[in-house]
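Engineer: Take a look at the following structure, please.
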Amino acid sequence: YREKETIRLCLKHFRQRQYDEAYEALQKRTRVDLEHPILTELHNLLVRKGNYEACEDLITKACEEGMFDEYISDQDYKPKWMPIGPFSESGLNDSDSLDGRPGMRGGHQMALDVHSETLYLYGGWDGNQDLADLWAYHVPSKQWTCLCRNSAEEGGPSARSCHKMCLDYDRKQIFTLGRYLDSSMRTEGNLKSDFYIYDIESCKWTLITEDTAAMGGPKLIFDHQMVIDMEQQTLYVFGGRVLTCASEGDRSSNPQFSGLYSYYVPTNTWTKLMDDCSELRSRIAHSMLFHPRKRVLFIFAGQRSKEYLNDFLMYYVDERKVEVIQDGSSKDPSPTGRPDNPMSGHLHIRNFLKDPSKRSIPAAGFTQRATLDPDSDEIHVLSGLSKDKEKRDNVKNSFWVYNIGKNKWSCIYKNENSGQQYWSKMQHLEPVPRFAHQLVYDHVRKVHYLFGGNPGKEGLPKMRLDDFWCLQLSRPSPTNLLRRCKYLIRKYRFQELAAGDSQSAMVFLQRDLAAVIDQNDEQETQEFHLLASTLFKCGEEEEDMFESQSLFSLPEPSSSAVSSENYRKRTELFDQLVDYFPYTMTQPKGNLVDLIPLC
């Protein structure tokens with residue numbers, strides 16, 4: 001490998017210096033290719049011939065064949081939060097419109113129908129009581145509709161929080177399971193695990209069973225996870241703490257945790273897939289996502305008694321086997337109490353490692369909310385406020401992306417500000433840090449939606465939020481990247497024209513170069529406006545508008561149709577364009593002269 005790379009560095013050096021005979025002789029003798037043939041063709045068209053139009057055609061072909069996809073996937077997302085709905089001066093939504101939209105809450109559930117672009121919200125805790133209302137938000141019309149003020153009065157579930165809900169948008173069905181009950185309210189009679197389905201088209205609730213445990217399913221649980229495999233019409237439920245009556249002790253040192261279950265909808269059949277065991281340790285407030293193409297459950301983080309888990313697992317639903325991506329856990333003391341109470345909640349988040357590359361997953365904790373994009377093979381994790389007030393200065397809002405194929409986490413956004421004055425200014429630009437919120441994802445339109453939660457204000461322990469946000473993550477698209485390449489090519493072509501034919505250069509500037517300018521890019525727009533000035537400067541006074549990235553100066557070639565200055569500038573352009581191609585296709589990144597010590 002080292003021998004081959006040395007030869008490739010020599011080939012690159014010879015071509016940069018226009019040592020054509022040495023280049024050809026070395027390549028013929030060693031039969032080592034400097035780069036992919038399409039890049040050799042690009043170099044010949046661009047640097048040697050100056051055929052800019054042919055270069056654009058070749059770049060367009062490369063883009064259409066997906067050669068820029070790897071570069072795009074390596075770029076970090078740029079997040080953009082946008083508030084939805086009217087706001088008052090207090091930062092919450094306008095009270096005059098509250099009758100037509102959900103109120104303040106935490107511990108609620110949301111699900112999204114990507115076909116109809118409708119978001120469904122059910123239940124939660126408003127700081128004083130559990131809620132039983134069901135709402136629908138239609139994204140295109142930006143309208144909330146209350147489907148049930150009190151679902152229990154219409155044959156649906158009772159008021160609840162810390163439950164789970166999932167939606168089959170092919171069959172227009174919503175399933176809900178589990179709830180939290182304060183220890184003082186628990187009796188043998190009300191600890192049955194009721195299971196409901198809501199039919200969207202008929203607007204009707206149906207009780208599937210009064211007690212899933214009697215059918216081979218889980219006991220009454222809270223802070224579990226539930227996902228759906230729509231193709232196989234199967235729900236998967238994992239983890240959660242089993243509720244026991246007050247006589248058994250809510251603060252038992254040995255709480256019960258639920259295992260992994262599946263529910264097959266057509267036959268109304270529950271199956272226990274795995275008990276709580278060392279291979280798949282049960283937990284509460286973890287993340288679980290189903291990948292419909294890989295047919296895998298991704299499970300990570302959460303809490304087990306006083307231990308905060310930091311593992312990352314895959315469960316293959318067809319083979320029924322577990323695979324460990326990251327095996328790790330850490331222990332911290334934990335208070336007990338209501339799951340969404342900042343004073344007695346059972347969570348704190350530890351500091352992120354300074355080197356994200358050494359961390360396999362984001363910091364463990366209840367506040368994280370996760371979504372999955374099956375198209376890009378990515379997992380998104382939003383982390384918010386710590387429930388432990390002593391730890392609240394550690395981690396605030398942050399957003400992580402996990403690339404499944406590359407097994408790589410990237411932190412694309414982090415805001416550690418904690419001052420009340422700061423968040424008062426930012427209230428319309430970014431959601432305040434929180435927990436007990438909900439986050440859903442439209443994988444078709446690539447948009448996240450966040451609603452409500454607990455801001456953890458020390459003086460207002462009952463305060464909950466009712467703000468509604470959307471989050472868009474953007475990367476350069478192939479179309480944008482192709483436009484950028486054309487802009488670079490035409491910019492360099494204009495520079496050559498301006499040096500010899502100012503009239504043709506002006507026509508080219510106004511017609512061809514202007515056509516590929518991104519008007520939303522301030523730097524690019526400013527560059528374009530300054531380019532015309534090169535037409536009115538002569539000789540040695542003419543400014544070079546393009547900062548040289550070259551680390552070498554070229555000697556005058558003995559015989560060449562291309563001047564050394566044009567060759568150097570074209571080489572700079574070639575190096576810029578090559579950066580968009582996969583590393584395996586390109587010439588070495590380094591330079592031969594850099595290997596020689598200066599002293």
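Residue numbering restarts at 1 in every chain; chains get A, B, ... in the order shown in the structure tokens, and ligands count up from 1 in that same order.
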Given only C-alpha atoms, how would the per-residue table for region 114-193 of chain A near region 284-289 of chain A read, listing every residue at most 12 Å away with its closest atom pair and distance in Å to one decimal, sorted by chain and number, as CSV?
Structural biologist:
residue,atom,partner,partner_atom,distance
A:Cys162,CA,A:Ala285,CA,9.3
A:His163,CA,A:Ala285,CA,10.9
A:Lys164,CA,A:Ala285,CA,11.0
A:Cys166,CA,A:Leu289,CA,11.4
Engineer: Generate the output file for the selected residues, C-alpha atoms, as an mmCIF file, in the first residue's frame.
Structural biologist:
data_model
loop_
_atom_site.group_PDB
_atom_site.id
_atom_site.type_symbol
_atom_site.label_atom_id
_atom_site.label_comp_id
_atom_site.auth_asym_id
_atom_site.auth_seq_id
_atom_site.Cartn_x
_atom_site.Cartn_y
_atom_site.Cartn_z
ATOM 1 C CA CYS A 162 -46.724 7.964 30.334
ATOM 2 C CA HIS A 163 -48.615 5.614 27.988
ATOM 3 C CA LYS A 164 -47.566 4.714 24.437
ATOM 4 C CA CYS A 166 -48.487 4.032 17.572
#
Engineer: Can you tell me, as a list of chain:residue names, what residues are no more than 6 Å from region 492-502 of chain A when counting only C-alpha atoms, ignoring any on the same chain fewer than 3 positions away?
Structural biologist: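 Once the adjacent positions are removed, what remains is A:Ile489, A:Ala505, A:Leu535.
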Engineer: Got a sec: who's within 8 Å of Leu297 (chain A), counting only C-alpha atoms, leaving out chain neighbours fewer than 6 positions off, as a list in words?
Structural biologist: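 Final neighbour list, sorted by chain and number: Met288, Leu289, Phe290, His291, Met314, Tyr315, Tyr316 and Val317 of chain A.
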Engineer: Can I get the residues of region 16-90 of chain A within 9 Å of region 404-420 of chain A, each with the closest pair of atoms and their distance in Å to one decimal, using only C-alpha atoms, sorted chain first then ascending number, as CSV?
Structural biologist:
residue,atom,partner,partner_atom,distance
A:Asp76,CA,A:Ile412,CA,6.2
A:Tyr77,CA,A:Ile412,CA,6.2
A:Lys78,CA,A:Ile412,CA,7.1
A:Pro79,CA,A:Tyr413,CA,7.1
Engineer: Give the answer as one residue: which of A:Gly240, A:Pro461, A:Pro37, A:Gly384 has the shortest atom-to-atom distance to Arg369 (chain A), using only C-alpha atoms?
Structural biologist: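 Using only C-alpha atoms, Arg369 (chain A) sits closest to A:Gly384.
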Engineer: Just checking: using only C-alpha atoms, which residue out of A:Met506, A:Tyr441, A:Leu473, A:Asp467 ends up closest to Trp400 (chain A)?
Structural biologist: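 Nearest candidate to Trp400 (chain A) out of A:Met506, A:Tyr441, A:Leu473, A:Asp467: A:Leu473.
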Engineer: Which residues are near Ala213 (chain A)? Cut-off 12 Å, only C-alpha atoms, ignore same chain within fewer than 3 positions. Put them as a PyMOL selection string.
Structural biologist: chain A and resi 177-178+191-195+209-210+216-221+242+258+261+263+269-272
Engineer: Excluding Gln587 (chain A) and its own-chain neighbours fewer than 3 positions away, which residues fall within 12 Å of it when counting only C-alpha atoms? Please give them as a CSV table (one decimal) with all heavy atoms, in the first residue's frame.
Structural biologist:
chain,number,residue,atom,x,y,z
A,4,LYS,N,2.4,1.9,-3.4
A,4,LYS,CA,1.5,2.3,-4.3
A,4,LYS,C,1.1,3.8,-4.1
A,4,LYS,O,1.1,4.6,-5.0
A,4,LYS,CB,0.2,1.5,-4.3
A,4,LYS,CG,-0.9,1.9,-5.3
A,4,LYS,CD,-2.1,1.0,-5.2
A,4,LYS,CE,-3.1,1.4,-6.2
A,4,LYS,NZ,-4.4,0.5,-6.1
A,5,GLU,N,0.9,4.2,-2.8
A,5,GLU,CA,0.6,5.6,-2.5
A,5,GLU,C,1.8,6.5,-2.8
A,5,GLU,O,1.6,7.7,-3.3
A,5,GLU,CB,0.2,5.7,-1.0
A,5,GLU,CG,-1.1,5.1,-0.7
A,5,GLU,CD,-2.2,5.8,-1.6
A,5,GLU,OE1,-2.5,7.0,-1.4
A,5,GLU,OE2,-2.8,5.0,-2.4
A,6,THR,N,3.0,6.0,-2.7
A,6,THR,CA,4.2,6.8,-3.0
A,6,THR,C,4.2,7.1,-4.5
A,6,THR,O,4.5,8.2,-5.0
A,6,THR,CB,5.5,6.1,-2.6
A,6,THR,OG1,5.5,5.9,-1.2
A,6,THR,CG2,6.7,7.0,-3.0
A,7,ILE,N,3.9,6.1,-5.3
A,7,ILE,CA,3.9,6.2,-6.8
A,7,ILE,C,2.7,7.2,-7.2
A,7,ILE,O,3.0,8.1,-8.0
A,7,ILE,CB,3.6,4.9,-7.4
A,7,ILE,CG1,4.9,4.0,-7.2
A,7,ILE,CG2,3.4,5.0,-8.9
A,7,ILE,CD1,4.7,2.5,-7.7
A,8,ARG,N,1.6,7.1,-6.5
A,8,ARG,CA,0.5,8.0,-6.8
A,8,ARG,C,0.8,9.4,-6.5
A,8,ARG,O,0.4,10.4,-7.2
A,8,ARG,CB,-0.8,7.5,-6.1
A,8,ARG,CG,-1.3,6.2,-6.6
A,8,ARG,CD,-2.5,5.8,-5.8
A,8,ARG,NE,-3.7,6.6,-6.2
A,8,ARG,CZ,-4.5,7.1,-5.3
A,8,ARG,NH1,-4.3,6.9,-4.0
A,8,ARG,NH2,-5.6,7.8,-5.7
A,9,LEU,N,1.5,9.6,-5.4
A,9,LEU,CA,2.0,11.0,-5.0
A,9,LEU,C,2.9,11.6,-6.1
A,9,LEU,O,2.9,12.8,-6.4
A,9,LEU,CB,2.6,11.0,-3.6
A,9,LEU,CG,1.7,10.9,-2.4
A,9,LEU,CD1,2.5,10.7,-1.1
A,9,LEU,CD2,0.9,12.2,-2.3
A,10,CYS,N,3.8,10.7,-6.6
A,10,CYS,CA,4.7,11.1,-7.6
A,10,CYS,C,4.0,11.5,-8.9
A,10,CYS,O,4.3,12.5,-9.5
A,10,CYS,CB,5.8,10.0,-7.9
A,10,CYS,SG,7.0,9.8,-6.6
A,11,LEU,N,3.0,10.7,-9.2
A,11,LEU,CA,2.2,10.9,-10.4
A,11,LEU,C,1.4,12.3,-10.3
A,11,LEU,O,1.4,13.1,-11.2
A,11,LEU,CB,1.2,9.8,-10.7
A,11,LEU,CG,1.7,8.5,-11.1
A,11,LEU,CD1,0.7,7.4,-11.1
A,11,LEU,CD2,2.3,8.6,-12.6
A,12,LYS,N,0.9,12.5,-9.1
A,12,LYS,CA,0.2,13.8,-8.9
A,12,LYS,C,1.2,14.9,-9.0
A,12,LYS,O,0.8,16.0,-9.6
A,12,LYS,CB,-0.4,13.8,-7.5
A,12,LYS,CG,-1.1,15.0,-7.1
A,12,LYS,CD,-1.7,15.0,-5.7
A,12,LYS,CE,-2.4,16.3,-5.3
A,12,LYS,NZ,-2.9,16.3,-3.9
A,13,HIS,N,2.4,14.8,-8.5
A,13,HIS,CA,3.4,15.9,-8.5
A,13,HIS,C,3.8,16.2,-9.9
A,13,HIS,O,3.9,17.3,-10.3
A,13,HIS,CB,4.6,15.4,-7.7
A,13,HIS,CG,5.7,16.5,-7.6
A,13,HIS,ND1,5.6,17.6,-6.8
A,13,HIS,CD2,6.8,16.6,-8.3
A,13,HIS,CE1,6.7,18.3,-6.9
A,13,HIS,NE2,7.5,17.7,-7.8
A,15,ARG,N,2.1,15.6,-12.7
A,15,ARG,CA,1.1,16.2,-13.5
A,15,ARG,C,0.9,17.7,-13.1
A,15,ARG,O,0.6,18.5,-14.0
A,15,ARG,CB,-0.2,15.4,-13.3
A,15,ARG,CG,-1.4,15.9,-14.2
A,15,ARG,CD,-2.5,15.0,-14.2
A,15,ARG,NE,-3.3,15.0,-13.0
A,15,ARG,CZ,-4.4,14.4,-12.7
A,15,ARG,NH1,-4.9,13.6,-13.7
A,15,ARG,NH2,-5.0,14.5,-11.6
A,16,GLN,N,1.0,18.0,-11.8
A,16,GLN,CA,0.8,19.4,-11.4
A,16,GLN,C,1.9,20.2,-12.0
A,16,GLN,O,1.7,21.4,-12.3
A,16,GLN,CB,0.9,19.5,-9.9
A,16,GLN,CG,-0.3,19.0,-9.1
A,16,GLN,CD,-0.2,19.0,-7.6
A,16,GLN,OE1,1.0,18.9,-7.1
A,16,GLN,NE2,-1.3,19.0,-6.9
A,32,VAL,N,0.2,1.8,-12.3
A,32,VAL,CA,-0.6,2.4,-11.2
A,32,VAL,C,-1.5,3.5,-11.7
A,32,VAL,O,-0.9,4.4,-12.3
A,32,VAL,CB,0.3,2.8,-10.0
A,32,VAL,CG1,-0.5,3.5,-8.9
A,32,VAL,CG2,1.0,1.6,-9.4
A,33,ASP,N,-2.7,3.5,-11.4
A,33,ASP,CA,-3.6,4.6,-11.8
A,33,ASP,C,-3.7,5.7,-10.7
A,33,ASP,O,-3.8,5.4,-9.5
A,33,ASP,CB,-5.1,4.0,-12.0
A,33,ASP,CG,-5.2,3.1,-13.2
A,33,ASP,OD1,-4.5,3.4,-14.2
A,33,ASP,OD2,-5.9,2.1,-13.1
A,34,LEU,N,-3.6,6.9,-11.1
A,34,LEU,CA,-3.6,8.0,-10.2
A,34,LEU,C,-5.0,8.2,-9.6
A,34,LEU,O,-5.2,8.5,-8.5
A,34,LEU,CB,-3.2,9.3,-10.9
A,34,LEU,CG,-3.3,10.6,-10.1
A,34,LEU,CD1,-2.5,10.5,-8.9
A,34,LEU,CD2,-2.9,11.8,-11.0
A,35,GLU,N,-6.0,7.9,-10.4
A,35,GLU,CA,-7.4,8.2,-10.0
A,35,GLU,C,-8.4,7.4,-10.9
A,35,GLU,O,-7.9,6.7,-11.8
A,35,GLU,CB,-7.7,9.7,-10.2
A,35,GLU,CG,-7.6,10.2,-11.6
A,35,GLU,CD,-7.1,11.6,-11.8
A,35,GLU,OE1,-7.0,12.3,-10.8
A,35,GLU,OE2,-6.7,12.0,-12.9
A,36,HIS,N,-9.7,7.6,-10.7
A,36,HIS,CA,-10.7,6.9,-11.5
A,36,HIS,C,-10.6,7.5,-13.0
A,36,HIS,O,-10.4,8.7,-13.1
A,36,HIS,CB,-12.1,7.2,-10.9
A,36,HIS,CG,-13.2,6.4,-11.6
A,36,HIS,ND1,-13.8,6.7,-12.7
A,36,HIS,CD2,-13.8,5.2,-11.2
A,36,HIS,CE1,-14.7,5.9,-13.0
A,36,HIS,NE2,-14.7,4.9,-12.1
A,37,PRO,N,-10.9,6.7,-14.0
A,37,PRO,CA,-10.8,7.3,-15.4
A,37,PRO,C,-11.6,8.5,-15.6
A,37,PRO,O,-11.2,9.4,-16.4
A,37,PRO,CB,-11.3,6.1,-16.2
A,37,PRO,CG,-10.9,4.9,-15.4
A,37,PRO,CD,-11.1,5.3,-14.0
A,38,ILE,N,-12.8,8.6,-15.0
A,38,ILE,CA,-13.6,9.8,-15.2
A,38,ILE,C,-13.0,11.1,-14.7
A,38,ILE,O,-13.2,12.1,-15.3
A,38,ILE,CB,-15.0,9.6,-14.6
A,38,ILE,CG1,-16.0,10.6,-15.1
A,38,ILE,CG2,-15.0,9.7,-13.0
A,38,ILE,CD1,-17.5,10.3,-14.7
A,39,LEU,N,-12.2,10.9,-13.7
A,39,LEU,CA,-11.5,12.1,-13.2
A,39,LEU,C,-10.2,12.4,-14.0
A,39,LEU,O,-9.9,13.6,-14.2
A,39,LEU,CB,-11.0,11.9,-11.7
A,39,LEU,CG,-12.2,11.8,-10.7
A,39,LEU,CD1,-11.7,11.6,-9.3
A,39,LEU,CD2,-13.1,13.1,-10.8
A,40,THR,N,-9.6,11.4,-14.6
A,40,THR,CA,-8.6,11.7,-15.6
A,40,THR,C,-9.1,12.4,-16.8
A,40,THR,O,-8.5,13.3,-17.3
A,40,THR,CB,-7.9,10.4,-16.0
A,40,THR,OG1,-7.4,9.7,-14.8
A,40,THR,CG2,-6.8,10.6,-17.0
A,43,HIS,N,-9.7,16.0,-15.8
A,43,HIS,CA,-8.5,16.8,-15.8
A,43,HIS,C,-8.1,17.1,-17.2
A,43,HIS,O,-7.6,18.3,-17.5
A,43,HIS,CB,-7.4,16.0,-15.1
A,43,HIS,CG,-6.1,16.7,-15.0
A,43,HIS,ND1,-5.1,16.8,-15.9
A,43,HIS,CD2,-5.6,17.4,-13.9
A,43,HIS,CE1,-4.1,17.5,-15.5
A,43,HIS,NE2,-4.4,17.9,-14.3
A,574,PHE,N,-9.8,22.1,-10.6
A,574,PHE,CA,-9.9,20.6,-10.6
A,574,PHE,C,-9.9,20.1,-9.2
A,574,PHE,O,-10.7,19.2,-8.8
A,574,PHE,CB,-8.8,20.1,-11.4
A,574,PHE,CG,-8.7,18.6,-11.4
A,574,PHE,CD1,-9.5,17.8,-12.2
A,574,PHE,CD2,-7.8,17.9,-10.6
A,574,PHE,CE1,-9.5,16.4,-12.2
A,574,PHE,CE2,-7.7,16.5,-10.6
A,574,PHE,CZ,-8.5,15.8,-11.4
A,575,ASP,N,-9.0,20.6,-8.3
A,575,ASP,CA,-8.9,20.1,-7.0
A,575,ASP,C,-10.2,20.3,-6.2
A,575,ASP,O,-10.6,19.5,-5.3
A,575,ASP,CB,-7.7,20.7,-6.3
A,575,ASP,CG,-6.4,20.2,-6.8
A,575,ASP,OD1,-6.4,19.1,-7.5
A,575,ASP,OD2,-5.3,20.8,-6.6
A,577,LEU,N,-13.2,20.5,-7.5
A,577,LEU,CA,-14.3,19.7,-8.0
A,577,LEU,C,-14.1,18.2,-7.5
A,577,LEU,O,-15.0,17.5,-7.2
A,577,LEU,CB,-14.3,19.7,-9.5
A,577,LEU,CG,-14.7,21.1,-10.1
A,577,LEU,CD1,-14.5,21.0,-11.7
A,577,LEU,CD2,-16.1,21.5,-9.7
A,578,VAL,N,-12.8,17.8,-7.4
A,578,VAL,CA,-12.5,16.5,-7.0
A,578,VAL,C,-13.0,16.2,-5.6
A,578,VAL,O,-13.3,15.0,-5.2
A,578,VAL,CB,-11.0,16.2,-7.1
A,578,VAL,CG1,-10.5,15.0,-6.3
A,578,VAL,CG2,-10.6,16.0,-8.6
A,579,ASP,N,-13.1,17.2,-4.7
A,579,ASP,CA,-13.5,17.0,-3.4
A,579,ASP,C,-14.9,16.5,-3.3
A,579,ASP,O,-15.3,15.9,-2.2
A,579,ASP,CB,-13.4,18.4,-2.6
A,579,ASP,CG,-12.0,18.7,-2.2
A,579,ASP,OD1,-11.1,17.8,-2.2
A,579,ASP,OD2,-11.8,19.9,-2.0
A,581,PHE,N,-16.1,14.1,-5.1
A,581,PHE,CA,-16.2,12.7,-5.5
A,581,PHE,C,-15.7,11.8,-4.4
A,581,PHE,O,-15.0,12.2,-3.5
A,581,PHE,CB,-15.2,12.5,-6.7
A,581,PHE,CG,-15.8,13.0,-8.0
A,581,PHE,CD1,-15.6,14.4,-8.3
A,581,PHE,CD2,-16.4,12.2,-8.9
A,581,PHE,CE1,-16.1,14.9,-9.5
A,581,PHE,CE2,-16.9,12.8,-10.1
A,581,PHE,CZ,-16.8,14.1,-10.4
A,582,PRO,N,-16.1,10.5,-4.4
A,582,PRO,CA,-15.7,9.6,-3.3
A,582,PRO,C,-14.2,9.5,-3.2
A,582,PRO,O,-13.4,9.6,-4.3
A,582,PRO,CB,-16.3,8.2,-3.8
A,582,PRO,CG,-17.4,8.6,-4.7
A,582,PRO,CD,-17.0,9.9,-5.4
A,583,TYR,N,-13.7,9.4,-2.0
A,583,TYR,CA,-12.2,9.3,-1.8
A,583,TYR,C,-11.6,8.2,-2.6
A,583,TYR,O,-10.4,8.4,-3.0
A,583,TYR,CB,-12.0,9.1,-0.3
A,583,TYR,CG,-10.5,9.0,0.1
A,583,TYR,CD1,-9.7,10.1,0.2
A,583,TYR,CD2,-10.0,7.7,0.4
A,583,TYR,CE1,-8.4,10.0,0.5
A,583,TYR,CE2,-8.7,7.6,0.8
A,583,TYR,CZ,-7.9,8.7,0.8
A,583,TYR,OH,-6.5,8.6,1.2
A,584,THR,N,-12.2,7.1,-2.8
A,584,THR,CA,-11.6,6.0,-3.5
A,584,THR,C,-11.4,6.3,-5.0
A,584,THR,O,-10.7,5.5,-5.6
A,584,THR,CB,-12.5,4.7,-3.3
A,584,THR,OG1,-13.9,5.0,-3.8
A,584,THR,CG2,-12.6,4.2,-1.9
A,590,GLY,N,-2.7,14.4,-0.2
A,590,GLY,CA,-1.4,15.1,0.2
A,590,GLY,C,-0.6,15.5,-1.0
A,590,GLY,O,-1.0,15.2,-2.2
A,591,ASN,N,0.5,16.1,-0.8
A,591,ASN,CA,1.4,16.6,-1.8
A,591,ASN,C,2.8,16.0,-1.5
A,591,ASN,O,3.2,16.0,-0.4
A,591,ASN,CB,1.5,18.1,-1.9
A,591,ASN,CG,0.2,18.7,-2.4
A,591,ASN,OD1,-0.2,18.4,-3.6
A,591,ASN,ND2,-0.5,19.4,-1.6
Engineer: Based on DSSP run over this structure's backbone, return all residues of region 147-281 of chain A in helix (DSSP H, G or I), as a PyMOL selection string.
Structural biologist: chain A and resi 151-154+183-185+188-190+212-215+246-248
Engineer: Under the rule that only C-alpha atoms are counted, which of A:Ile325, A:Met585, A:Val401, A:Leu243 is the nearest residue to Met185 (chain A)?
Structural biologist: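 Nearest to Met185 (chain A): A:Leu243.
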Engineer: Excluding region 133-150 of chain A and its own-chain neighbours fewer than 4 positions away, which residues fall within 6 Å of it when counting only C-alpha atoms? Please give them as a short mmCIF file (atom, residue, chain, number, x, y, z; two decimals) with all heavy atoms, in the first residue's frame.
Structural biologist:
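Generated output (around06.cif):
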data_model
loop_
_atom_site.label_atom_id
_atom_site.label_comp_id
_atom_site.auth_asym_id
_atom_site.auth_seq_id
_atom_site.Cartn_x
_atom_site.Cartn_y
_atom_site.Cartn_z
N ARG A 101 -57.16 24.20 20.23
CA ARG A 101 -55.90 23.48 20.14
C ARG A 101 -55.60 22.84 21.49
O ARG A 101 -56.18 23.21 22.50
CB ARG A 101 -54.76 24.43 19.75
CG ARG A 101 -54.52 25.53 20.78
CD ARG A 101 -53.48 26.53 20.33
NE ARG A 101 -52.26 25.88 19.91
CZ ARG A 101 -51.34 25.39 20.74
NH1 ARG A 101 -51.53 25.46 22.05
NH2 ARG A 101 -50.25 24.83 20.28
N GLU A 117 -50.73 13.55 6.13
CA GLU A 117 -50.02 14.64 6.80
C GLU A 117 -50.82 15.13 8.01
O GLU A 117 -51.05 16.33 8.20
CB GLU A 117 -49.77 15.80 5.84
CG GLU A 117 -48.77 15.51 4.75
CD GLU A 117 -48.42 16.74 3.94
OE1 GLU A 117 -47.70 17.61 4.45
OE2 GLU A 117 -48.91 16.83 2.80
N THR A 118 -51.23 14.17 8.83
CA THR A 118 -52.01 14.47 10.02
C THR A 118 -51.30 13.93 11.26
O THR A 118 -50.89 12.77 11.28
CB THR A 118 -53.42 13.88 9.94
OG1 THR A 118 -54.06 14.37 8.76
CG2 THR A 118 -54.25 14.27 11.15
N LEU A 119 -51.17 14.78 12.26
CA LEU A 119 -50.54 14.40 13.53
C LEU A 119 -51.63 14.20 14.58
O LEU A 119 -52.55 15.01 14.69
CB LEU A 119 -49.58 15.51 13.95
CG LEU A 119 -48.74 15.35 15.20
CD1 LEU A 119 -47.43 16.11 15.04
CD2 LEU A 119 -49.47 15.88 16.44
N TYR A 120 -51.52 13.10 15.35
CA TYR A 120 -52.50 12.79 16.39
C TYR A 120 -51.84 12.90 17.76
O TYR A 120 -50.72 12.42 17.95
CB TYR A 120 -53.09 11.39 16.18
CG TYR A 120 -53.88 11.28 14.90
CD1 TYR A 120 -53.26 10.92 13.70
CD2 TYR A 120 -55.24 11.57 14.88
CE1 TYR A 120 -53.98 10.84 12.52
CE2 TYR A 120 -55.97 11.49 13.69
CZ TYR A 120 -55.33 11.14 12.53
OH TYR A 120 -56.05 11.07 11.36
N LEU A 121 -52.54 13.53 18.70
CA LEU A 121 -52.03 13.74 20.05
C LEU A 121 -53.08 13.25 21.05
O LEU A 121 -54.26 13.58 20.92
CB LEU A 121 -51.72 15.21 20.27
CG LEU A 121 -51.12 15.66 21.60
CD1 LEU A 121 -50.26 16.90 21.41
CD2 LEU A 121 -52.19 15.94 22.66
N TYR A 122 -52.61 12.46 22.03
CA TYR A 122 -53.56 11.94 23.03
C TYR A 122 -52.99 12.05 24.45
O TYR A 122 -51.84 11.68 24.71
CB TYR A 122 -53.92 10.48 22.75
CG TYR A 122 -54.78 9.89 23.84
CD1 TYR A 122 -56.11 10.27 23.97
CD2 TYR A 122 -54.25 9.00 24.77
CE1 TYR A 122 -56.90 9.78 24.99
CE2 TYR A 122 -55.04 8.49 25.79
CZ TYR A 122 -56.36 8.89 25.91
OH TYR A 122 -57.15 8.41 26.92
N GLY A 123 -53.86 12.51 25.37
CA GLY A 123 -53.58 12.42 26.80
C GLY A 123 -52.45 13.29 27.29
O GLY A 123 -52.07 14.30 26.70
#
Engineer: Considering only C-alpha atoms, can you say which of A:Thr244, A:Thr534, A:Val227, A:Ile517 comes closest to Ser183 (chain A)?
Structural biologist: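 Between A:Thr244, A:Thr534, A:Val227, A:Ile517, the residue approaching Ser183 (chain A) most closely is A:Thr244.
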Engineer: Quick one: residues within 8 Å of His443 (chain A), only C-alpha atoms, excluding same-chain residues fewer than 3 positions away - as a ChimeraX atom specification?
Structural biologist: /A:114,372-375,446-447
Engineer: Write a file of the just-selected residues containing N, CA and C atoms, as a PDB file, in the first residue's frame.
Structural biologist:
ATOM      1  N   VAL A 114     -48.222   9.831   7.672  1.00  0.00           N
ATOM      2  CA  VAL A 114     -47.462  10.500   6.615  1.00  0.00           C
ATOM      3  C   VAL A 114     -48.251  10.596   5.320  1.00  0.00           C
ATOM      4  N   LEU A 372     -36.582   7.601  13.369  1.00  0.00           N
ATOM      5  CA  LEU A 372     -35.792   6.849  12.386  1.00  0.00           C
ATOM      6  C   LEU A 372     -36.225   7.226  10.980  1.00  0.00           C
ATOM      7  N   ASP A 373     -35.250   7.368  10.094  1.00  0.00           N
ATOM      8  CA  ASP A 373     -35.512   7.607   8.674  1.00  0.00           C
ATOM      9  C   ASP A 373     -35.073   6.373   7.906  1.00  0.00           C
ATOM     10  N   PRO A 374     -36.022   5.546   7.412  1.00  0.00           N
ATOM     11  CA  PRO A 374     -35.644   4.314   6.708  1.00  0.00           C
ATOM     12  C   PRO A 374     -35.023   4.575   5.346  1.00  0.00           C
ATOM     13  N   ASP A 375     -35.244   5.758   4.783  1.00  0.00           N
ATOM     14  CA  ASP A 375     -34.685   6.066   3.464  1.00  0.00           C
ATOM     15  C   ASP A 375     -33.198   6.378   3.547  1.00  0.00           C
ATOM     16  N   LYS A 446     -39.384  14.767   5.560  1.00  0.00           N
ATOM     17  CA  LYS A 446     -38.180  15.047   6.352  1.00  0.00           C
ATOM     18  C   LYS A 446     -38.382  16.204   7.332  1.00  0.00           C
ATOM     19  N   VAL A 447     -39.455  16.118   8.116  1.00  0.00           N
ATOM     20  CA  VAL A 447     -39.775  17.153   9.088  1.00  0.00           C
ATOM     21  C   VAL A 447     -40.102  16.516  10.432  1.00  0.00           C
TER      22      VAL A 447
END
Engineer: Quick check for you: according to DSSP on this backbone, which residues of region 71-282 of chain A are classed as strand (DSSP E)? Reply as a count of residues only.
Structural biologist: 80
